[in-house]
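Asks: Pasting a structure below so you can have a look.
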Amino acid sequence: ASMKTKKLDVMLYRIGLLENSGSYPDYAHVGLNTVMYMAKAPVKTLTVLRNTGIIPFSEVKSRLHQFEPTTIGTYFGKSWATHWFYVEIEVPYEWYYDEIHFRWDSSSEAMVYSWDGVPLQGFSGGRHNRKTYIIKKPDLKNDLDGLNRVKYFVEMACCEITGNGVEDYGRTFELLECQIGAFDRQAYELYIDYSVLKDIAYTIESKETSRGYEAAFTADKISNICKPSEPATFFNSKQLSEAFLNTANSSTQHQIYAVGHCHIDMAWLWPFSETRRKGARSFATQIELMKMYPDFKFTHSTACLYDWVKTDYPSLYEEIKTYAGKGQFIPVGGSWVEFDGNIPSGESMCRQFLYGQSFFESEFGKRCDVFFLPDCFGYSAQIPQIAKMAGCTRFVTQKMSWNVFDEFPHSTFYWKGLDGSQLLAHFPPANTYNCNGNMDQVMKSQTNFKDKGRSNCSLILYGEGDGGGGPMPDYIERYKRVADCDGLPKVKFSDCNEFFENLEKTSSNLMTWAGELYLEKHNGTYTTMSHNKKFNRECELKIKEAEIFSVFNIFAQALAGRTPAVYDKTTLDKVWKEMLLFQFHDVLPGSSISLVYDHTDAEYPKMLASIKGVKDKALSQIISTIQGAALTLGDPNAGIWFNPTIFQRKDILNINNAYYEVEVPPMGYNLKMISNFTPISKHPANLKHEVDAEKGLITIENPYFVIKCGIDGQIQSILDKETEQYGLESSRKEVLDSSTMKGNCICIHQDISPTFDAWDLWIWYQETKTEIKATSYEVKTDKPHTIEVKFTYKISDKSSFTQLMIVDEYSRRIDFKTNISWHETHKVLRTYFPLNIQTDWATCDIQFGNIQRPTTSNTPWELAKYEVCAHQFVDMSEDKYGVALLNNCKYGYSARGNILSLSLLKSPKIPNPKADMGDHEFTYSLYPHNCDFANSEVEQEATKLNVPLSSSMITAQRTEENSVSFFECDQPNVRVDALKIGQFSHDKIILRIHENKGVETAAKFSFNFATFKPLQKPLVITNAKVTNIMEDSFLPELQESIINWDQTYFIAKLKPFQFLTIALNIQVIANQANYKNF
């Protein structure tokens, strides 16, 4: 056919008919897809056991007598139900030499099991196309007995791979197919060839390349000679296709490393319980493919999912380990789950790797080199340092291709973190982790590769995720056809490790991206499901305390010469793993269905109770050790306060309506007799207020500020008294710029997202601002050291809230304690503070430090950061003055121009109509400081807001007071992130510290054991070394970080924003005479 008489688009239409006539009913007889089976037959027996719930196979088999007959066309339900089917198959003898398939389509996910309960393969029916299990393939496998019979069980899960829609609990699923077929492998092979030719013709058409036309002409010739109803025509057709596909490439062609993959969300549009089965279905399916294709390789992350499969499906897990040993089933990632890259603390990220890498090493004999996080909503600037310290030097994601404003400029590059650590990073240029063998994706891997000339290879991640079971046989076959086909990139079945090894050998002059990988999308996930985020923050902080106090207890028991304390590692490990699971990138961000949060809402209180149990036991033992006996009941005559932070703290206590102040040393405690306290004055002269009802103005003054607040709850002025010069009040610094809006201006906005309702906060929300003003107020002066103003607000007929503005005699912090009943739809609630600060940068609290983000919108890159993630504070500072906005459970901030604002609540309806509905309690605080950020105590104040002191009123047997700092640090810019026993060596104490102001620092940590009473057996440091997150490798390049140590101290040198993990050996010495006097 000549191009003059056959236009290419007409030719492509004809080609499409031969490939898949299902799209054209009038031509059903001409499609290769219609002749894949030479014959089909029904199964001999089909029975069902309905609505079993998720039960073990042993129970299923024991209830075989309860199964009842069923038929094709029957509906099963409802959503999330489970039904078990028993199938007996008898294959006709005339099919003896044929390849035999079992075909199943229940419009849902399902899994076929052997008679003995071995999981064989998953199915994904309905709109999805994994509906075939191979019973027999000559020279490969045969499930049939000597009489051509086989028995299977099928577990049907009433959900599709994308769940059951938005809260649709009434769905039913039709059993569409349950039969066997004699498969025509020859027709299938030609079908794959032909579909690849058609794909190449379509893909290269716009490029006007000769190979594209050759593909179209070759397919057209096949159309002329191939008659699907006449298999004898297949041979000549196959010769034509092979002649085209076997034309080799040049040696300089772009090389694609095709990595089989199955992205499985640990929960999202389905509950955690379903993920346990999704993992098994997917892994069993991939094992089947490995048996068929020895060159095929499959990779999967998420140690937690492997652990679930190990527990629930032990035989399948042993097969996984077998094929891992063969190099076909390849663990990757190194983390417990694919966690959210913004919200978890730095310590949580460290534990993700600690638990993940240790699992992979113990189960598969090695740790992962590649940190694999393909689907995440942004990536913290500290991830390179954390991943590297866990043994991962390489990084893979593709999510940055979702940017709204800017196209990320690299495919392969070095990613430089906040401390200077680097990972070799790759973003697969096909811009998806669900490739399906399509030639457009193959070509895009070359044409969209952004680092040509620096590298000539890329990854393709292919396979159906979330219950789709991973790669399909068709995908593997299609990539086989174009392994070395002229006109296309070369394709090789591979894994991430091989790709990076080649990349490291062949690349040159790769570019470097420094700082965070900010995703210009899904910024609503910093706020959605705020209750869940509050639970996470609370768990992170309290488990840190429980570990610290447990180590304090170890110290106390050893110093007192008592029985060694028991560190409850079992409970702490269990809680950590569950907390890390809930930090999965669709759970913690708030983008899952309500069933997921029903589960987390039930489990978080149990986790907190377990943490409290560990903490309370440790503190109780410390107290009884100090007292020399178990505590007795009676009227309290003493108080003991414990401080888990590395700086000194003050607390105000109320005893019988009298208020007292107590100071607690860093990393220690203070035991003080009540009789030795001096009550605080009930009416301090430097804390006063005045209400001018006529002007609607409340004026509050403490030693630091004069605050003028309207009775509508909006702050009109904050004058900083400490900035006064020359004795002139007019010289005082005004904190706010009230020219356009007032301080603590609470506003509600429309939150309309065209897609990804729970995920996104689109920039146009800013255009729909409505101010919410208080309808009533009450000034409260019942506490001697604070003035509180209670404001009441009405948002709508459905939503309202109260807020306490708290001004303290002893603090520069102004707290806003908020209780809200929230029942809105597609709204977002925010608070705004216009600041009298001139700066182009905001300092944002993140993992192990802080980063500066622009407050300007000079470029699209800056404009895109209209909503950013920060942990406990964001600060805007000039050279000698600044203001921070703190919080105790929020993450979504905006710093635009001179306006600093915080997202309080969202109300999306998809995928969870109940998201954020109900009652909420949270606190945010304004903290003005009369210095720049570097010299401020912003982080200390944020810590005080988030970590209250632990205290107990006791009946002391000994009246001797005791104030102990187990250890302290002499540098204010160094923080303690963890103090615990070693994960694997319980004779070691692990201390994790970081530098938080961006200043290279040498810090002295002094251990003050001699101040403990009763002191019986002194403790000394016998070794101090820097280790990795895994706590098992003493890094030679970092040993210089410990520049000195002795029995009672060590000195560590930290680079800006560096964290160090230090392994300490601390031992008892029997002879006090040998103990250094300090």
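Every chain in the structure tokens takes a letter, A first, then B, and so on in the order presented; its residues are numbered from 1, and the ligands are numbered from 1 following the presented order.
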Near Ala842 of chain A, counting only C-alpha atoms, which residues have an atom at most 10 Å away, once you skip same-chain residues fewer than 2 positions from it, shown as a list in words?
Replies: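 Near Ala842 of chain A, the qualifying residues are Thr839, Asp840, Cys844, Asp845, Asn850, Ile851, Gln852, Arg853, Pro854, Thr855, Thr856, Val874, Asp875, Met876, Ser877, Ala884, Ser894, Ala895, Arg896, Gly897, Asn898, Leu900 and Phe933 of chain A.
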Asks: DSSP on the backbone: what in segment 171-331 of chain A comes out helix (DSSP H, G or I), as an MDAnalysis selection string?
Replies: chainID A and resid 185:205 210:225 231:245 272:292 303:312 314:325
Asks: Produce a file of the selected residues containing C-alpha atoms, as an mmCIF file, in the first residue's frame.
Replies:
data_model
loop_
_atom_site.group_PDB
_atom_site.id
_atom_site.type_symbol
_atom_site.label_atom_id
_atom_site.label_comp_id
_atom_site.auth_asym_id
_atom_site.auth_seq_id
_atom_site.Cartn_x
_atom_site.Cartn_y
_atom_site.Cartn_z
ATOM 1 C CA ARG A 185 0.436 -19.741 22.638
ATOM 2 C CA GLN A 186 1.231 -19.238 18.933
ATOM 3 C CA ALA A 187 -1.656 -16.821 18.480
ATOM 4 C CA TYR A 188 -0.637 -15.026 21.648
ATOM 5 C CA GLU A 189 2.974 -14.596 20.501
ATOM 6 C CA LEU A 190 1.812 -13.109 17.211
ATOM 7 C CA TYR A 191 -0.670 -10.901 19.043
ATOM 8 C CA ILE A 192 2.129 -9.448 21.203
ATOM 9 C CA ASP A 193 4.346 -8.880 18.145
ATOM 10 C CA TYR A 194 1.555 -7.191 16.307
ATOM 11 C CA SER A 195 0.502 -4.996 19.226
ATOM 12 C CA VAL A 196 4.121 -3.822 19.626
ATOM 13 C CA LEU A 197 4.297 -2.967 15.912
ATOM 14 C CA LYS A 198 1.060 -1.024 16.141
ATOM 15 C CA ASP A 199 2.285 0.726 19.272
ATOM 16 C CA ILE A 200 5.546 1.720 17.602
ATOM 17 C CA ALA A 201 3.654 3.051 14.600
ATOM 18 C CA TYR A 202 1.386 5.131 16.811
ATOM 19 C CA THR A 203 4.228 6.321 19.036
ATOM 20 C CA ILE A 204 6.628 7.341 16.294
ATOM 21 C CA GLU A 205 3.978 8.700 13.910
ATOM 22 C CA SER A 210 11.379 5.945 8.906
ATOM 23 C CA ARG A 211 11.133 3.235 11.581
ATOM 24 C CA GLY A 212 7.674 4.413 12.495
ATOM 25 C CA TYR A 213 6.530 4.048 8.922
ATOM 26 C CA GLU A 214 8.301 0.696 8.632
ATOM 27 C CA ALA A 215 6.384 -0.530 11.682
ATOM 28 C CA ALA A 216 3.099 0.616 10.173
ATOM 29 C CA PHE A 217 3.880 -0.978 6.799
ATOM 30 C CA THR A 218 4.965 -4.237 8.448
ATOM 31 C CA ALA A 219 1.762 -4.385 10.477
ATOM 32 C CA ASP A 220 -0.229 -3.582 7.357
ATOM 33 C CA LYS A 221 1.400 -6.472 5.484
ATOM 34 C CA ILE A 222 0.558 -8.796 8.346
ATOM 35 C CA SER A 223 -3.046 -7.592 8.167
ATOM 36 C CA ASN A 224 -3.091 -8.668 4.533
ATOM 37 C CA ILE A 225 -1.964 -12.245 5.159
ATOM 38 C CA PRO A 231 -3.672 -20.577 12.327
ATOM 39 C CA ALA A 232 -1.672 -21.686 9.297
ATOM 40 C CA THR A 233 -1.289 -17.993 8.418
ATOM 41 C CA PHE A 234 0.453 -17.218 11.717
ATOM 42 C CA PHE A 235 3.881 -18.522 10.679
ATOM 43 C CA ASN A 236 4.410 -16.142 7.776
ATOM 44 C CA SER A 237 2.964 -13.294 9.804
ATOM 45 C CA LYS A 238 5.402 -14.019 12.615
ATOM 46 C CA GLN A 239 8.321 -13.987 10.187
ATOM 47 C CA LEU A 240 7.368 -10.460 9.108
ATOM 48 C CA SER A 241 7.072 -9.176 12.687
ATOM 49 C CA GLU A 242 10.324 -10.784 13.802
ATOM 50 C CA ALA A 243 12.204 -9.336 10.837
ATOM 51 C CA PHE A 244 11.258 -5.862 12.039
ATOM 52 C CA LEU A 245 11.689 -6.413 15.768
ATOM 53 C CA PHE A 272 -4.878 -2.124 56.550
ATOM 54 C CA SER A 273 -6.426 -5.581 56.787
ATOM 55 C CA GLU A 274 -6.979 -5.660 53.027
ATOM 56 C CA THR A 275 -3.381 -4.640 52.367
ATOM 57 C CA ARG A 276 -2.166 -7.780 54.107
ATOM 58 C CA ARG A 277 -4.037 -9.754 51.432
ATOM 59 C CA LYS A 278 -3.079 -7.439 48.582
ATOM 60 C CA GLY A 279 0.558 -8.075 49.391
ATOM 61 C CA ALA A 280 0.086 -11.831 49.318
ATOM 62 C CA ARG A 281 -1.903 -11.744 46.083
ATOM 63 C CA SER A 282 0.690 -9.582 44.390
ATOM 64 C CA PHE A 283 3.740 -11.470 45.638
ATOM 65 C CA ALA A 284 2.263 -14.861 44.709
ATOM 66 C CA THR A 285 1.490 -13.540 41.237
ATOM 67 C CA GLN A 286 5.038 -12.360 40.732
ATOM 68 C CA ILE A 287 6.474 -15.685 41.911
ATOM 69 C CA GLU A 288 4.418 -17.360 39.171
ATOM 70 C CA LEU A 289 5.910 -15.002 36.585
ATOM 71 C CA MET A 290 9.425 -15.702 37.828
ATOM 72 C CA LYS A 291 8.851 -19.390 37.149
ATOM 73 C CA MET A 292 7.858 -18.550 33.577
ATOM 74 C CA ALA A 303 9.714 -4.254 55.253
ATOM 75 C CA CYS A 304 6.401 -4.152 57.118
ATOM 76 C CA LEU A 305 4.554 -5.799 54.217
ATOM 77 C CA TYR A 306 7.128 -8.580 53.998
ATOM 78 C CA ASP A 307 6.682 -9.077 57.737
ATOM 79 C CA TRP A 308 2.915 -9.360 57.311
ATOM 80 C CA VAL A 309 3.325 -11.939 54.542
ATOM 81 C CA LYS A 310 5.793 -13.846 56.699
ATOM 82 C CA THR A 311 3.191 -13.988 59.484
ATOM 83 C CA ASP A 312 0.083 -14.678 57.400
ATOM 84 C CA PRO A 314 4.553 -18.598 55.619
ATOM 85 C CA SER A 315 4.786 -20.894 52.572
ATOM 86 C CA LEU A 316 4.597 -17.953 50.198
ATOM 87 C CA TYR A 317 7.216 -16.133 52.221
ATOM 88 C CA GLU A 318 9.619 -19.048 51.871
ATOM 89 C CA GLU A 319 9.155 -18.881 48.090
ATOM 90 C CA ILE A 320 9.903 -15.160 48.197
ATOM 91 C CA LYS A 321 13.152 -15.881 49.994
ATOM 92 C CA THR A 322 13.990 -18.594 47.472
ATOM 93 C CA TYR A 323 13.560 -16.265 44.514
ATOM 94 C CA ALA A 324 15.333 -13.476 46.352
ATOM 95 C CA GLY A 325 18.274 -15.858 46.547
#
Asks: Measuring atom to atom with only C-alpha atoms, identify which of A:Val370, A:Leu736, A:Val442, A:Ala758 is nearest to Ile460 of chain A.
Replies: A:Val442
Asks: List the neighbours of Ile787 of chain A out to 10 Å using only C-alpha atoms; skip same-chain residues closer than 2 positions along the sequence, and give me the result as JSON, numbers by chain.
Replies: {"A": [687, 688, 689, 700, 701, 702, 779, 780, 781, 782, 783, 784, 785, 789, 790, 804, 805, 806, 807, 808, 809]}
Asks: Neighbouring residues of segment 962-967 of chain A were defined as those with any atom within 6 Å, considering only C-alpha atoms; residues of the same chain fewer than 6 positions away were excluded. Please report them as a list in words.
Replies: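 Here the answer would be Pro665, Pro666, Met667, Gly668, Tyr669, Asn670, Leu671, Ser1006, Phe1007, Asn1008, Phe1009, Thr1011 and Phe1012 of chain A.
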Asks: If you count only C-alpha atoms, which residues fall within 8 Å of Glu1031 of chain A, apart from same-chain ones fewer than 4 positions away, as an NGL selection string?
Replies: :A and (982-984 or 990 or 1027 or 1061 or 1063)
Asks: Okay, now the selection with C-alpha atoms, as a CSV table (one decimal), in the first residue's frame?
Replies:
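As a result, result.csv now contains:
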chain,number,residue,atom,x,y,z
A,982,GLY,CA,21.2,-0.1,71.7
A,983,GLN,CA,18.8,-1.9,69.4
A,984,PHE,CA,21.1,-4.9,69.1
A,990,ILE,CA,22.6,5.3,72.1
A,1027,THR,CA,28.0,5.1,64.7
A,1061,THR,CA,24.4,8.9,66.6
A,1063,ALA,CA,27.3,4.8,71.1
